[in-house]
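Worksheet: the structure to be examined is printed underneath.
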Amino acid sequence: SLFKRILSNGIASTLDKLVKMAEHLLLVPFFIYFWGVDFYGEWLTLMILPTVFALSHLGFGNAVGNTFILEYLGGENNKAANTLSTGISIINYGVILISVISVFILFGLKEFGIFNKMLINQNEAAISIYLMFCIPLATFYLAVYEQFYKLAKKAHIGIFISACTTILKIIVTIFLLNLNSGPVEIASGLLISTIIMNIIYILTSKKIFKDEDLRKGKFDRNILGPLFSKGIGYFLNPLWRALYFQGTTLLIRVMLGPSAVVIYNTVRVLMNTSAQAFNIVSSSIYPDFQVAVGKKDVQKTRDLFGLIFVSNFIVAITFIIFISVFGKDIYIWWTKGKILVPNDIWIYFISSILFYAMWFSKSLIFESHNKP
């Protein structure tokens, strides 16, 4: 039933978010203990480029996946099969091309001496970046095969496998650190873990959703243009947010100084915990919502979007009340009382939670209609 699917998706999404939070919080003390603060700091510096690349994700996989599911649910099975075949082919070529280009880029950075002043050996630094760069490349396919879980009405299985991927990465990292492994070994372990879990994700999606007609899809050059244009839209979504937040941070630094930067970023991190709750709500309902959109079931689409909007509104109000009552005490405890936040700044950030909830809910309309 719909209720059971939403509940299953919600439980899986909650687990996924908790595990991802644990990944960031749990691994830090292990890295610092085995590598030291300075060496770990160098590792984080090296990870800037792979992290930005992972966030952008180029958007093409999302474009292929959303185009495919809307065509399939709309009864255009042949067109959907062609979109799937064309999209996977382009992703294959893209992965190979980007892998080769990144080798030359890293070789150039090494030749220009970018890694010379680092504590990490320059060869290890270049190899580590390349291996970590390959991790998001390996995940390009997941946005496509995610649609199989939605079509089978078993989105929670895909979300659960994603959570298991993160758990495996945590275990592998801690295990390798205990063996006194260096950056290359850590990066290799993470890449191998990702590839193994991605294979499981894809094979499982094909097992739970079978349609032999999809195998008849052919490469169609005529749909490349629309796919790339939509892919750019999906690419720009995380990009503009990264530019907005980093640009705001830079502006605050120039105009108000480093102390204001600390206040802005720490308060924003605290307030952004509400976004995780919005994400759980959306992940629970969105798979059925997108299927309803694809089937052009207007009434069910309205009902599910209303559920998303009202749920996020209630979560936002709950967060506002909680942060208004306990927020300052939590912030003082978190920052050891070393940072004082002016009341007007506090009110501004609290009020933004409600607006973000409405924006987050409304953005799903564009994504579900594949109009990023």
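In the structure tokens, chains take the letters A, B, ... in the order shown, each chain's residues start at 1, and ligands count up from 1 in the order shown.
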
Just want the 10 Å neighbourhood of Leu214 of chain A, counted on only C-alpha atoms, with same-chain residues fewer than 6 positions away dropped. Output as a list in words.
Tyr72, Asn77, Asn78, Lys79, Ala80, Ala81, Asn82, Thr83, Leu84 and Ser85 of chain A

Selection from above, C-alpha atoms, as a PDB file, in the first residue's frame, can you write it?
ATOM      1  CA  TYR A  72       8.002   4.910 -19.704  1.00  0.00           C
ATOM      2  CA  ASN A  77       8.064   2.406 -24.143  1.00  0.00           C
ATOM      3  CA  ASN A  78      10.123   2.425 -27.355  1.00  0.00           C
ATOM      4  CA  LYS A  79      11.197   6.009 -26.772  1.00  0.00           C
ATOM      5  CA  ALA A  80      12.052   5.192 -23.140  1.00  0.00           C
ATOM      6  CA  ALA A  81      14.140   2.204 -24.263  1.00  0.00           C
ATOM      7  CA  ASN A  82      16.047   4.421 -26.723  1.00  0.00           C
ATOM      8  CA  THR A  83      16.619   7.038 -24.014  1.00  0.00           C
ATOM      9  CA  LEU A  84      17.972   4.370 -21.668  1.00  0.00           C
ATOM     10  CA  SER A  85      20.270   2.870 -24.316  1.00  0.00           C
TER      11      SER A  85
END

Applying 9 Å and only C-alpha atoms, which residues near segment 294-307 of chain A remain after dropping the ones on its own chain fewer than 2 positions away? List them as a PyMOL selection string.
chain A and resi 69-75+285-286+288-292+309-312+361-362+364-365+368-369

Give me, please, the distance in Å between atom CA of Ser128 of chain A and atom CA of Leu18 of chain A, quoted to one decimal.
26.9 Å

Surrounding residues of Leu190 of chain A excluding itself and chain neighbours under 5 positions, 12 Å, only C-alpha atoms, as a ChimeraX atom specification:
/A:128,131-136,138,165-176,183-185,195-197

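Considering the residues A:Ile32, A:Ile308, A:Leu177, A:Leu256 and counting only C-alpha atoms, Leu44 of chain A has its shortest atom-to-atom contact with A:Ile32.
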
Report as JSON, numbers by chain all protein, DNA and RNA residues lying within 12 Å of Lys207 of chain A, evaluated on only C-alpha atoms, omitting residues in the same chain fewer than 5 positions from it.
{"A": [145, 148, 149, 152, 154, 157, 200, 201, 202, 212]}

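Near Ile350 of chain A, within 8 Å and counting only C-alpha atoms, sit Met271, Ile320, Ile323, Ser324, Trp346, Ile347, Tyr348, Ser352 and Ile353 of chain A, not including residues fewer than 2 positions from it in the same chain.
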
Atoms to include: C-alpha atoms. Write the selected residues as a short mmCIF file (atom, residue, chain, number, x, y, z; two decimals), in the first residue's frame.
data_model
loop_
_atom_site.label_atom_id
_atom_site.label_comp_id
_atom_site.auth_asym_id
_atom_site.auth_seq_id
_atom_site.Cartn_x
_atom_site.Cartn_y
_atom_site.Cartn_z
CA MET A 271 19.97 25.64 10.84
CA ILE A 320 11.57 26.89 14.47
CA ILE A 323 15.59 26.22 17.80
CA SER A 324 13.90 29.28 19.32
CA TRP A 346 19.58 34.56 15.10
CA ILE A 347 16.05 35.71 14.12
CA TYR A 348 17.06 36.03 10.46
CA SER A 352 14.69 31.34 6.81
CA ILE A 353 13.79 27.75 7.82
#

In Å, rounded to a single decimal, give me how far atom CA of Leu142 of chain A is from atom CA of Asn198 of chain A.
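Going from atom CA of Asn198 of chain A over to atom CA of Leu142 of chain A covers 7.4 Å.
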
Report, in Å with one decimal, the straight-line distance from atom CA of Ile90 of chain A to atom CA of Ala187 of chain A.
26.2 Å

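Across A:Gly65, A:Gly158, A:Gly337, A:Gly87, the tightest approach to Thr204 of chain A is made by A:Gly158 when counting only C-alpha atoms.
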
Skipping near chain neighbours, those fewer than 3 positions away, what residues fall within 12 Å of Gly61 of chain A using only C-alpha atoms, listed as number ranges by chain?
A: 56-58, 64-68, 83-84, 86-92, 94-95, 136-147, 227-228, 230-235
